[in-house]
>>> print(open('work28.pdb').read())   # PDB, C-alpha atoms and all ligand atoms
ATOM      1  CA  MET A 120       9.540  45.968  21.813
ATOM      2  CA  ARG A 121      11.302  45.609  18.446
ATOM      3  CA  VAL A 122      11.057  42.196  16.768
ATOM      4  CA  LEU A 123      13.091  41.306  13.687
ATOM      5  CA  ILE A 124      11.494  38.478  11.706
ATOM      6  CA  ILE A 125      14.058  36.752   9.475
ATOM      7  CA  GLY A 126      12.206  34.621   6.914
ATOM      8  CA  ALA A 127       9.270  37.053   6.781
ATOM      9  CA  THR A 128       8.438  36.175   3.156
ATOM     10  CA  GLY A 129       7.868  32.469   3.902
ATOM     11  CA  MET A 130       4.601  30.702   4.721
ATOM     12  CA  LEU A 131       4.990  31.171   8.487
ATOM     13  CA  GLY A 132       6.717  34.547   8.172
ATOM     14  CA  THR A 133       3.816  35.980   6.167
ATOM     15  CA  ASP A 134       1.330  35.045   8.907
ATOM     16  CA  LEU A 135       3.669  36.251  11.643
ATOM     17  CA  GLN A 136       3.719  39.675  10.003
ATOM     18  CA  LYS A 137      -0.090  39.726   9.632
ATOM     19  CA  GLU A 138      -0.954  38.492  13.119
ATOM     20  CA  TRP A 139       1.641  40.369  15.182
ATOM     21  CA  THR A 140       0.295  43.874  15.568
ATOM     22  CA  GLN A 141       1.173  44.763  19.167
ATOM     23  CA  ASP A 142       4.924  45.333  18.750
ATOM     24  CA  GLU A 143       7.268  46.976  16.284
ATOM     25  CA  ILE A 144       7.778  44.276  13.652
ATOM     26  CA  ILE A 145      10.702  44.453  11.235
ATOM     27  CA  PRO A 146      10.305  41.914   8.391
ATOM     28  CA  ALA A 147      13.403  40.635   6.558
ATOM     29  CA  SER A 148      13.890  38.264   3.646
ATOM     30  CA  SER A 149      17.021  36.851   2.015
ATOM     31  CA  ARG A 150      17.209  40.066   0.000
ATOM     32  CA  ASP A 151      17.736  42.046   3.211
ATOM     33  CA  ALA A 152      20.324  39.565   4.514
ATOM     34  CA  ASP A 153      21.425  36.130   3.372
ATOM     35  CA  ILE A 154      21.931  34.367   6.684
ATOM     36  CA  ARG A 155      24.859  32.419   5.188
ATOM     37  CA  ASP A 156      26.827  35.694   5.213
ATOM     38  CA  PRO A 157      27.708  36.872   8.755
ATOM     39  CA  ALA A 158      28.493  40.402   7.516
ATOM     40  CA  GLN A 159      24.996  40.770   6.025
ATOM     41  CA  VAL A 160      23.386  39.473   9.231
ATOM     42  CA  ARG A 161      25.509  41.827  11.357
ATOM     43  CA  ALA A 162      24.597  44.829   9.170
ATOM     44  CA  LEU A 163      20.867  43.972   9.384
ATOM     45  CA  VAL A 164      20.900  43.574  13.168
ATOM     46  CA  ALA A 165      23.112  46.648  13.697
ATOM     47  CA  HIS A 166      20.701  48.686  11.608
ATOM     48  CA  THR A 167      17.428  47.377  13.112
ATOM     49  CA  LYS A 168      18.522  46.916  16.779
ATOM     50  CA  PRO A 169      15.882  44.305  17.698
ATOM     51  CA  ASP A 170      15.055  43.106  21.214
ATOM     52  CA  TRP A 171      14.079  39.723  19.720
ATOM     53  CA  ILE A 172      14.999  37.973  16.482
ATOM     54  CA  VAL A 173      12.463  35.393  15.284
ATOM     55  CA  LEU A 174      14.385  33.085  12.953
ATOM     56  CA  ALA A 175      11.823  31.524  10.593
ATOM     57  CA  ALA A 176      14.219  31.438   7.614
ATOM     58  CA  ALA A 177      15.302  27.986   6.493
ATOM     59  CA  TYR A 178      15.935  25.760   3.528
ATOM     60  CA  THR A 179      12.674  23.787   3.851
ATOM     61  CA  ASP A 180      12.802  21.422   0.860
ATOM     62  CA  VAL A 181      12.916  18.089   2.724
ATOM     63  CA  ASP A 182      13.510  15.893  -0.343
ATOM     64  CA  GLY A 183      15.713  18.520  -2.033
ATOM     65  CA  SER A 184      18.000  18.487   1.027
ATOM     66  CA  GLU A 185      18.928  14.849   0.310
ATOM     67  CA  GLY A 186      20.502  15.841  -3.006
ATOM     68  CA  ASN A 187      21.979  19.090  -1.703
ATOM     69  CA  PRO A 188      23.099  18.595   1.917
ATOM     70  CA  GLU A 189      25.709  21.382   1.584
ATOM     71  CA  LEU A 190      22.962  23.941   0.935
ATOM     72  CA  ALA A 191      20.729  22.596   3.741
ATOM     73  CA  PHE A 192      23.582  22.765   6.271
ATOM     74  CA  ALA A 193      24.841  26.121   4.969
ATOM     75  CA  ILE A 194      21.442  27.744   5.604
ATOM     76  CA  ASN A 195      19.921  25.728   8.446
ATOM     77  CA  GLY A 196      23.133  25.005  10.353
ATOM     78  CA  GLN A 197      25.790  27.676   9.625
ATOM     79  CA  GLY A 198      23.189  30.354   8.766
ATOM     80  CA  THR A 199      21.510  29.816  12.129
ATOM     81  CA  GLU A 200      24.882  29.954  13.888
ATOM     82  CA  ASN A 201      25.586  33.294  12.181
ATOM     83  CA  VAL A 202      22.282  34.721  13.440
ATOM     84  CA  ALA A 203      22.840  33.308  16.958
ATOM     85  CA  GLN A 204      26.322  34.846  17.186
ATOM     86  CA  VAL A 205      25.148  38.247  15.983
ATOM     87  CA  ALA A 206      22.174  38.095  18.375
ATOM     88  CA  ARG A 207      24.589  37.569  21.263
ATOM     89  CA  GLU A 208      26.898  40.341  20.036
ATOM     90  CA  PHE A 209      24.019  42.847  19.960
ATOM     91  CA  GLY A 210      22.221  41.608  23.095
ATOM     92  CA  ALA A 211      19.140  40.404  21.196
ATOM     93  CA  ARG A 212      17.180  37.300  22.193
ATOM     94  CA  ILE A 213      16.582  34.653  19.534
ATOM     95  CA  PHE A 214      13.439  32.593  18.879
ATOM     96  CA  TYR A 215      14.354  29.720  16.555
ATOM     97  CA  ILE A 216      11.744  27.686  14.667
ATOM     98  CA  SER A 217      12.623  23.994  14.496
ATOM     99  CA  THR A 218      10.908  20.805  13.447
ATOM    100  CA  ASP A 219       9.475  17.436  14.491
ATOM    101  CA  TYR A 220      11.878  15.937  11.905
ATOM    102  CA  VAL A 221      14.701  16.122  14.499
ATOM    103  CA  PHE A 222      13.108  12.955  15.978
ATOM    104  CA  ASP A 223      13.407   9.429  14.583
ATOM    105  CA  GLY A 224       9.714   8.546  14.983
ATOM    106  CA  LYS A 225      10.282   5.441  17.107
ATOM    107  CA  SER A 226       8.471   6.824  20.160
ATOM    108  CA  THR A 227       5.110   5.407  21.178
ATOM    109  CA  ARG A 228       4.047   8.560  23.038
ATOM    110  CA  PRO A 229       4.167  12.270  22.104
ATOM    111  CA  TYR A 230       7.695  13.695  22.125
ATOM    112  CA  GLU A 231       8.754  15.980  24.978
ATOM    113  CA  PRO A 232      11.392  18.714  24.450
ATOM    114  CA  ALA A 233      14.033  16.810  26.438
ATOM    115  CA  ASP A 234      13.663  13.560  24.461
ATOM    116  CA  PRO A 235      16.798  12.578  22.530
ATOM    117  CA  ILE A 236      16.914  13.763  18.948
ATOM    118  CA  ALA A 237      18.001  11.457  16.106
ATOM    119  CA  PRO A 238      17.037  12.873  12.704
ATOM    120  CA  LEU A 239      16.373  10.418   9.868
ATOM    121  CA  ASN A 240      16.990  12.818   6.975
ATOM    122  CA  VAL A 241      19.369  15.606   5.902
ATOM    123  CA  TYR A 242      16.809  18.364   6.492
ATOM    124  CA  GLY A 243      16.193  17.125  10.076
ATOM    125  CA  ALA A 244      19.945  16.857  10.704
ATOM    126  CA  SER A 245      20.505  20.400   9.402
ATOM    127  CA  LYS A 246      17.734  21.764  11.662
ATOM    128  CA  ALA A 247      19.250  19.829  14.595
ATOM    129  CA  ALA A 248      22.548  21.574  13.771
ATOM    130  CA  GLY A 249      20.613  24.863  13.903
ATOM    131  CA  GLU A 250      19.243  23.983  17.350
ATOM    132  CA  LYS A 251      22.744  23.167  18.589
ATOM    133  CA  ALA A 252      24.096  26.435  17.169
ATOM    134  CA  VAL A 253      21.412  28.434  18.981
ATOM    135  CA  GLN A 254      22.102  26.641  22.269
ATOM    136  CA  SER A 255      25.874  27.066  22.036
ATOM    137  CA  HIS A 256      26.205  30.538  20.510
ATOM    138  CA  ALA A 257      23.220  32.592  21.660
ATOM    139  CA  SER A 258      23.005  33.725  25.264
ATOM    140  CA  ASP A 259      19.248  34.145  25.455
ATOM    141  CA  TRP A 260      17.155  31.779  23.361
ATOM    142  CA  CYS A 261      13.905  29.915  22.841
ATOM    143  CA  ILE A 262      13.565  27.015  20.376
ATOM    144  CA  ALA A 263      10.059  26.100  19.169
ATOM    145  CA  ARG A 264       9.626  22.761  17.421
ATOM    146  CA  THR A 265       6.545  22.507  15.254
ATOM    147  CA  SER A 266       5.213  20.151  12.577
ATOM    148  CA  TRP A 267       3.285  19.689   9.325
ATOM    149  CA  LEU A 268       2.741  23.430   8.709
ATOM    150  CA  PHE A 269      -0.125  24.663   6.551
ATOM    151  CA  GLY A 270      -1.253  28.212   5.842
ATOM    152  CA  ALA A 271      -2.861  30.335   3.156
ATOM    153  CA  ALA A 272       0.531  31.809   2.219
ATOM    154  CA  GLY A 273       1.580  28.210   1.363
ATOM    155  CA  PRO A 274       2.151  26.162  -0.746
ATOM    156  CA  SER A 275       1.474  23.336   1.686
ATOM    157  CA  PHE A 276      -0.163  19.900   1.802
ATOM    158  CA  PRO A 277      -3.838  21.076   1.785
ATOM    159  CA  GLU A 278      -3.272  23.340  -1.237
ATOM    160  CA  ARG A 279      -1.446  20.626  -3.199
ATOM    161  CA  LEU A 280      -4.218  18.156  -2.315
ATOM    162  CA  LEU A 281      -7.020  20.518  -3.353
ATOM    163  CA  ARG A 282      -5.253  21.349  -6.621
ATOM    164  CA  ALA A 283      -4.812  17.652  -7.400
ATOM    165  CA  ALA A 284      -8.474  16.999  -6.512
ATOM    166  CA  GLU A 285      -9.532  19.450  -9.242
ATOM    167  CA  THR A 286      -8.304  17.158 -11.989
ATOM    168  CA  ARG A 287      -8.048  13.642 -10.572
ATOM    169  CA  PRO A 288     -10.857  11.378  -9.278
ATOM    170  CA  GLU A 289      -8.526   9.355  -7.059
ATOM    171  CA  LEU A 290      -5.489  10.361  -5.022
ATOM    172  CA  SER A 291      -2.892   8.266  -3.180
ATOM    173  CA  VAL A 292      -1.946   9.540   0.269
ATOM    174  CA  VAL A 293       0.490   8.144   2.860
ATOM    175  CA  ALA A 294      -1.317   6.433   5.734
ATOM    176  CA  ASP A 295       1.534   5.182   7.923
ATOM    177  CA  GLN A 296       3.007   8.472   9.190
ATOM    178  CA  THR A 297       1.352  10.121  12.180
ATOM    179  CA  GLY A 298       1.855  13.749  13.193
ATOM    180  CA  SER A 299       0.071  16.966  14.089
ATOM    181  CA  PRO A 300      -0.883  19.430  11.345
ATOM    182  CA  THR A 301      -0.242  23.000  12.466
ATOM    183  CA  PHE A 302      -1.937  26.109  11.074
ATOM    184  CA  THR A 303       0.601  28.916  10.612
ATOM    185  CA  ARG A 304      -1.882  31.542  11.846
ATOM    186  CA  ASP A 305      -2.332  29.680  15.164
ATOM    187  CA  LEU A 306       1.416  29.098  15.404
ATOM    188  CA  SER A 307       2.036  32.821  14.827
ATOM    189  CA  HIS A 308      -0.197  33.745  17.780
ATOM    190  CA  VAL A 309       1.671  31.353  20.058
ATOM    191  CA  ILE A 310       5.113  32.590  18.934
ATOM    192  CA  ARG A 311       3.981  36.158  19.592
ATOM    193  CA  ASP A 312       2.631  35.230  23.039
ATOM    194  CA  LEU A 313       5.767  33.293  24.012
ATOM    195  CA  VAL A 314       8.013  36.166  22.953
ATOM    196  CA  ARG A 315       5.866  38.583  24.947
ATOM    197  CA  LYS A 316       6.117  36.218  27.953
ATOM    198  CA  ASP A 317       9.920  36.132  27.532
ATOM    199  CA  ALA A 318       9.870  32.326  27.158
ATOM    200  CA  ARG A 319      13.168  30.416  27.335
ATOM    201  CA  GLY A 320      14.256  26.859  26.519
ATOM    202  CA  ILE A 321      12.644  24.371  24.138
ATOM    203  CA  VAL A 322       8.879  24.290  23.547
ATOM    204  CA  HIS A 323       6.689  22.150  21.297
ATOM    205  CA  ILE A 324       3.891  23.926  19.397
ATOM    206  CA  THR A 325       1.281  22.150  17.253
ATOM    207  CA  ASN A 326      -2.471  22.176  16.830
ATOM    208  CA  ALA A 327      -4.133  19.679  19.185
ATOM    209  CA  GLY A 328      -4.621  16.053  18.174
ATOM    210  CA  ALA A 329      -2.844  13.819  15.693
ATOM    211  CA  CYS A 330      -3.594  12.056  12.416
ATOM    212  CA  THR A 331      -2.003  10.417   9.403
ATOM    213  CA  TRP A 332      -1.570  12.327   6.117
ATOM    214  CA  CYS A 333      -4.446  10.253   4.747
ATOM    215  CA  GLU A 334      -6.728  11.212   7.660
ATOM    216  CA  PHE A 335      -5.724  14.856   7.184
ATOM    217  CA  ALA A 336      -6.553  14.580   3.476
ATOM    218  CA  THR A 337      -9.944  12.992   4.232
ATOM    219  CA  GLU A 338     -10.846  15.888   6.557
ATOM    220  CA  ILE A 339      -9.665  18.569   4.090
ATOM    221  CA  LEU A 340     -11.715  17.088   1.239
ATOM    222  CA  ARG A 341     -14.767  16.605   3.496
ATOM    223  CA  GLN A 342     -14.665  20.216   4.698
ATOM    224  CA  ALA A 343     -14.019  21.546   1.181
ATOM    225  CA  GLY A 344     -17.037  19.621  -0.176
ATOM    226  CA  ARG A 345     -14.823  17.340  -2.307
ATOM    227  CA  SER A 346     -15.544  13.993  -0.636
ATOM    228  CA  SER A 347     -16.364  12.507  -4.042
ATOM    229  CA  VAL A 348     -12.610  12.350  -4.691
ATOM    230  CA  ARG A 349     -11.465   8.870  -3.641
ATOM    231  CA  LEU A 350      -8.402   8.557  -1.415
ATOM    232  CA  SER A 351      -6.273   5.484  -1.660
ATOM    233  CA  PRO A 352      -4.048   4.921   1.405
ATOM    234  CA  ILE A 353      -0.432   4.034   0.574
ATOM    235  CA  THR A 354       2.664   3.225   2.630
ATOM    236  CA  THR A 355       5.755   5.427   2.996
ATOM    237  CA  GLU A 356       7.624   2.821   0.964
ATOM    238  CA  GLN A 357       5.094   3.064  -1.872
ATOM    239  CA  ALA A 358       5.353   6.872  -1.841
ATOM    240  CA  ALA A 359       9.100   6.437  -2.560
ATOM    241  CA  ARG A 360      10.166   9.926  -1.473
ATOM    242  CA  LEU A 361      13.893  10.750  -1.412
ATOM    243  CA  ALA A 362      13.993  11.643   2.298
ATOM    244  CA  LYS A 363      13.038   9.204   5.063
ATOM    245  CA  ARG A 364      10.322  10.521   7.373
ATOM    246  CA  PRO A 365       9.517   9.618  10.984
ATOM    247  CA  ALA A 366       6.564   7.226  11.293
ATOM    248  CA  TYR A 367       5.402   9.028  14.430
ATOM    249  CA  SER A 368       6.324  12.635  15.216
ATOM    250  CA  VAL A 369       3.555  13.868  17.503
ATOM    251  CA  LEU A 370       4.856  16.622  19.810
ATOM    252  CA  SER A 371       3.555  16.804  23.378
ATOM    253  CA  PRO A 372       1.704  20.007  24.378
ATOM    254  CA  ALA A 373       3.018  19.815  27.986
ATOM    255  CA  SER A 374       5.747  22.466  27.486
ATOM    256  CA  LEU A 375       3.119  24.931  26.241
ATOM    257  CA  LEU A 376       0.697  24.202  29.051
ATOM    258  CA  VAL A 377       3.401  25.460  31.436
ATOM    259  CA  HIS A 378       2.816  28.854  29.771
ATOM    260  CA  ARG A 379      -0.987  28.339  30.035
ATOM    261  CA  ILE A 380      -1.232  28.137  26.238
ATOM    262  CA  SER A 381      -3.249  25.547  24.330
ATOM    263  CA  LEU A 382      -4.197  25.349  20.653
ATOM    264  CA  ARG A 383      -7.439  24.339  18.976
ATOM    265  CA  SER A 384      -7.702  20.960  17.231
ATOM    266  CA  TRP A 385      -6.173  20.424  13.785
ATOM    267  CA  GLN A 386      -9.739  19.856  12.460
ATOM    268  CA  GLU A 387     -10.886  23.307  13.691
ATOM    269  CA  ALA A 388      -7.693  24.825  12.316
ATOM    270  CA  THR A 389      -8.472  23.218   8.938
ATOM    271  CA  THR A 390     -11.846  25.007   8.921
ATOM    272  CA  ALA A 391     -10.115  28.339   9.573
ATOM    273  CA  TYR A 392      -7.505  27.594   6.905
ATOM    274  CA  LEU A 393     -10.153  26.826   4.274
ATOM    275  CA  ARG A 394     -11.902  30.105   5.132
ATOM    276  CA  ASP A 395      -8.617  32.018   4.604
ATOM    277  CA  PHE A 396      -7.939  30.028   1.459
ATOM    278  CA  ARG A 397     -11.393  30.949   0.083
ATOM    279  CA  ASP A 398     -11.022  34.607   1.145
ATOM    280  CA  CYS A 399      -7.781  34.996  -0.781
ATOM    281  CA  GLY A 400      -9.488  33.546  -3.849
ATOM    282  CA  LYS A 401      -7.413  30.368  -3.977
ATOM    283  CA  LEU A 402     -10.286  27.863  -3.488
ATOM    284  CA  ARG A 403     -12.022  27.333  -6.798
TER     285      ARG A 403
HETATM  286  N1  LIG B   1       6.834  23.781   6.402
HETATM  287  C1  LIG B   1       6.726  22.865   7.377
HETATM  288  O1  LIG B   1       5.927  21.915   7.304
HETATM  289  C2  LIG B   1       7.570  23.005   8.622
HETATM  290  C3  LIG B   1       7.438  22.045   9.648
HETATM  291  C4  LIG B   1       8.182  22.185  10.802
HETATM  292  C5  LIG B   1       9.063  23.267  10.957
HETATM  293  N2  LIG B   1       9.184  24.172   9.936
HETATM  294  C6  LIG B   1      10.116  25.314  10.120
HETATM  295  O2  LIG B   1       9.308  26.484  10.171
HETATM  296  C7  LIG B   1      10.037  27.591   9.612
HETATM  297  C8  LIG B   1       9.186  28.282   8.557
HETATM  298  O3  LIG B   1       8.899  27.343   7.518
HETATM  299  P1  LIG B   1       8.099  27.785   6.207
HETATM  300  O4  LIG B   1       7.512  26.537   5.621
HETATM  301  O5  LIG B   1       7.235  28.952   6.519
HETATM  302  O6  LIG B   1       9.310  28.251   5.270
HETATM  303  P2  LIG B   1       9.249  28.760   3.744
HETATM  304  O7  LIG B   1       7.866  29.093   3.347
HETATM  305  O8  LIG B   1      10.015  27.763   2.924
HETATM  306  O9  LIG B   1      10.068  30.133   3.815
HETATM  307  C9  LIG B   1      11.457  30.123   3.994
HETATM  308  C10 LIG B   1      11.924  31.514   4.349
HETATM  309  O10 LIG B   1      13.328  31.440   4.568
HETATM  310  C11 LIG B   1      13.951  32.479   3.851
HETATM  311  N3  LIG B   1      15.295  32.063   3.466
HETATM  312  C12 LIG B   1      15.652  30.936   2.800
HETATM  313  N4  LIG B   1      16.983  30.922   2.626
HETATM  314  C13 LIG B   1      17.463  32.047   3.213
HETATM  315  C14 LIG B   1      18.762  32.596   3.371
HETATM  316  N5  LIG B   1      19.865  31.982   2.897
HETATM  317  N6  LIG B   1      18.905  33.785   4.014
HETATM  318  C15 LIG B   1      17.816  34.420   4.499
HETATM  319  N7  LIG B   1      16.557  33.957   4.377
HETATM  320  C16 LIG B   1      16.390  32.771   3.746
HETATM  321  C17 LIG B   1      13.079  32.719   2.634
HETATM  322  O11 LIG B   1      13.332  34.031   2.178
HETATM  323  P3  LIG B   1      13.189  34.416   0.584
HETATM  324  O12 LIG B   1      11.713  34.473   0.318
HETATM  325  O13 LIG B   1      13.841  35.728   0.486
HETATM  326  O14 LIG B   1      13.879  33.312  -0.159
HETATM  327  C18 LIG B   1      11.686  32.567   3.259
HETATM  328  O15 LIG B   1      11.309  33.785   3.876
HETATM  329  C19 LIG B   1      11.349  27.010   9.099
HETATM  330  O16 LIG B   1      12.333  27.201  10.080
HETATM  331  C20 LIG B   1      11.078  25.526   8.976
HETATM  332  O17 LIG B   1      12.253  24.755   9.127
HETATM  333  C21 LIG B   1       8.454  24.071   8.778
END
>>> encode(input="work28.pdb", output="structure tokens", more="lines below")
Ligand SMILES: NC(=O)c1ccc[n+]([C@@H]2O[C@H](COP(=O)([O-])OP(=O)(O)OC[C@H]3O[C@@H](n4cnc5c(N)ncnc54)[C@H](OP(=O)(O)O)[C@@H]3O)[C@@H](O)[C@H]2O)c1
Amino acid sequence: MRVLIIGATGMLGTDLQKEWTQDEIIPASSRDADIRDPAQVRALVAHTKPDWIVLAAAYTDVDGSEGNPELAFAINGQGTENVAQVAREFGARIFYISTDYVFDGKSTRPYEPADPIAPLNVYGASKAAGEKAVQSHASDWCIARTSWLFGAAGPSFPERLLRAAETRPELSVVADQTGSPTFTRDLSHVIRDLVRKDARGIVHITNAGACTWCEFATEILRQAGRSSVRLSPITTEQAARLAKRPAYSVLSPASLLVHRISLRSWQEATTAYLRDFRDCGKLR
């Protein structure tokens, strides 16, 4: 099977390339094809003739999207539509990576794939546009929503936290948003397995369990031997970020259990992440 990974240079894409050894993997970055340009996407797909396209490319700057919605929609909405149309034209299946930020966070139980989406920010709205484009323009598709990604190819929350902990004795971390941190290496294995099982429809993929950013930070510092750094819990309002974020965006594992797939806890995944982070010489 030939699998074209678009967004192969990103945090998730890097792990997908490393972890996916069983099939013929063709990595592509924006230098191979800018997904905003249908002609470039068509040339890439015509040349590589994939059975599956994993679309991990996106404009992922959540706060940056607020000031530049045109760019977010051009890449995450129209760019995704371009890939979906070309996939259909060439008979390739598409596996689209989406986000928990398509939800508004008002739920009191983990979100299921069929729950209504209502993004709170531009990034979430642009990814929702990407989901719609895949559903309306591709003939054979799978959409995987995931959340709070972290991986050694980062940068991501754990790396930023550990860097800050090197120079500051106290750090403020948001304590009123709850979600599920997801290790990109674990996510890569599940994407590979779902593609190999020919999965269809919408699935939710995260590490097991849920926490606030502050609880995640506490666990990272504890495992990294930096518990002497004090954490001060703050509210979303105090953090004053440009983009609104859902207060609760835990994704239910039920759609994965249908495929007999389950992931380890976010705490165990943090241990594996820190090992990778040390091995690549990033943990000082
Ligand atoms: N990060 C998170 O916490 C999170 C959470 C939930 C869902 N997701 C989703 O998971 C996926 C992977 O996220 P990530 O954090 O690994 O992303 P990332 O590290 O920001 O990487 C983005 C990738 O997209 C490519 N790209 C950007 N603009 C492009 C364009 N116009 N044409 C072609 N390629 C383009 C980049 O290629 P170049 O290197 O060539 O620029 C890069 O390979 C995304 O779909 C994201 O929406 C992320």
>>> resolve_selection(input="work28.pdb", expression="the PyMOL selection byres (((not hetatm)) within 6 of (chain B and resi 1))", output="JSON, numbers by chain")
{"A": [126, 127, 128, 129, 130, 131, 132, 148, 149, 150, 152, 153, 154, 155, 175, 176, 177, 178, 179, 194, 216, 217, 218, 265, 266, 267, 268]}
>>> resolve_selection(input="work28.pdb", expression="the PyMOL selection byres (((chain A and resi 384) around 9) and not hetatm)", output="count of residues only")
11
>>> closest_atom_pairs(input="work28.pdb", of="segment 258-376 of chain A", to="segment 227-230 of chain A", cutoff="12 Å", atoms="all atoms listed in the file", output="CSV")
residue,atom,partner,partner_atom,distance
A:Arg264,CA,A:Tyr230,CA,10.4
A:Thr265,CA,A:Tyr230,CA,11.2
A:Ser266,CA,A:Tyr230,CA,11.8
A:Thr297,CA,A:Pro229,CA,10.5
A:Gly298,CA,A:Pro229,CA,9.3
A:Ser299,CA,A:Pro229,CA,10.2
A:Ile321,CA,A:Tyr230,CA,11.9
A:Val322,CA,A:Tyr230,CA,10.8
A:His323,CA,A:Tyr230,CA,8.6
A:Ile324,CA,A:Tyr230,CA,11.3
A:Thr325,CA,A:Pro229,CA,11.4
A:Ala327,CA,A:Pro229,CA,11.5
A:Gly328,CA,A:Pro229,CA,10.3
A:Ala329,CA,A:Pro229,CA,9.6
A:Pro365,CA,A:Thr227,CA,11.9
A:Ala366,CA,A:Thr227,CA,10.2
A:Tyr367,CA,A:Thr227,CA,7.7
A:Ser368,CA,A:Tyr230,CA,7.1
A:Val369,CA,A:Pro229,CA,4.9
A:Leu370,CA,A:Tyr230,CA,4.7
A:Ser371,CA,A:Pro229,CA,4.7
A:Pro372,CA,A:Pro229,CA,8.4
A:Ala373,CA,A:Pro229,CA,9.6
A:Ser374,CA,A:Tyr230,CA,10.5
>>> closest_residue(input="work28.pdb", among="A:Glu285, A:Asp156, A:Glu200, A:Glu231", to="Ala247 of chain A", atoms="all atoms listed in the file")
A:Glu200
>>> residues_around(input="work28.pdb", residues="Glu338 of chain A", least_positions_apart="3", cutoff="10 Å", atoms="all atoms listed in the file", output="compact mmCIF listing (two decimals) with C-alpha atoms, keeping the file's coordinate frame")
# COMPACT_ATOMS: atom_id res chain seq x y z
CA PRO A 277 -3.84 21.08 1.78
CA TRP A 332 -1.57 12.33 6.12
CA CYS A 333 -4.45 10.25 4.75
CA GLU A 334 -6.73 11.21 7.66
CA PHE A 335 -5.72 14.86 7.18
CA ARG A 341 -14.77 16.60 3.50
CA GLN A 342 -14.66 20.22 4.70
CA ALA A 343 -14.02 21.55 1.18
CA GLY A 344 -17.04 19.62 -0.18
CA ARG A 345 -14.82 17.34 -2.31
CA SER A 346 -15.54 13.99 -0.64
CA TRP A 385 -6.17 20.42 13.78
CA GLN A 386 -9.74 19.86 12.46
CA THR A 389 -8.47 23.22 8.94
CA THR A 390 -11.85 25.01 8.92
>>> residues_around(input="work28.pdb", residues="Leu290 of chain A", least_positions_apart="2", cutoff="8 Å", atoms="only C-alpha atoms", output="list in words")
Ala283, Ala284, Arg287, Pro288, Val292, Val348, Arg349, Leu350 and Ser351 of chain A
>>> axis_aligned_box(input="work28.pdb", around="segment 394-397 of chain A", padding_each_side="3 Å", output="AutoDock Vina command-line options")
--center_x -9.9 --center_y 31.0 --center_z 2.6 --size_x 10.0 --size_y 8.0 --size_z 11.0
>>> atom_distance(input="work28.pdb", atom1="atom CA of Ile262 of chain A", atom2="atom CA of Phe192 of chain A")
17.8 Å
>>> atom_distance(input="work28.pdb", atom1="atom CA of Pro146 of chain A", atom2="atom CA of Ser255 of chain A")
25.5 Å
>>> residues_around(input="work28.pdb", residues="segment 354-359 of chain A", least_positions_apart="4", cutoff="8 Å", atoms="all atoms listed in the file", output="ChimeraX atom specification")
/A:293-296
>>> atom_distance(input="work28.pdb", atom1="atom CA of Glu208 of chain A", atom2="atom CA of Asn195 of chain A")
19.9 Å
>>> decode(input="work28.pdb", residues="segment 288-307 of chain A", atoms="C-alpha atoms", output="mmCIF file, in the first residue's frame")
data_model
loop_
_atom_site.group_PDB
_atom_site.id
_atom_site.type_symbol
_atom_site.label_atom_id
_atom_site.label_comp_id
_atom_site.auth_asym_id
_atom_site.auth_seq_id
_atom_site.Cartn_x
_atom_site.Cartn_y
_atom_site.Cartn_z
ATOM 1 C CA PRO A 288 10.896 29.412 39.943
ATOM 2 C CA GLU A 289 7.152 29.860 39.468
ATOM 3 C CA LEU A 290 4.921 29.351 36.444
ATOM 4 C CA SER A 291 1.263 30.240 35.841
ATOM 5 C CA VAL A 292 -0.783 27.553 34.107
ATOM 6 C CA VAL A 293 -4.472 27.483 33.113
ATOM 7 C CA ALA A 294 -6.532 25.302 35.449
ATOM 8 C CA ASP A 295 -10.062 25.659 34.073
ATOM 9 C CA GLN A 296 -9.739 23.880 30.706
ATOM 10 C CA THR A 297 -10.037 20.098 30.663
ATOM 11 C CA GLY A 298 -8.894 17.879 27.797
ATOM 12 C CA SER A 299 -6.828 14.834 26.903
ATOM 13 C CA PRO A 300 -3.127 15.230 26.092
ATOM 14 C CA THR A 301 -2.154 13.024 23.158
ATOM 15 C CA PHE A 302 1.352 11.760 22.390
ATOM 16 C CA THR A 303 2.064 11.999 18.652
ATOM 17 C CA ARG A 304 3.895 8.648 18.654
ATOM 18 C CA ASP A 305 0.811 6.867 20.066
ATOM 19 C CA LEU A 306 -1.447 8.777 17.679
ATOM 20 C CA SER A 307 0.767 7.740 14.747
#
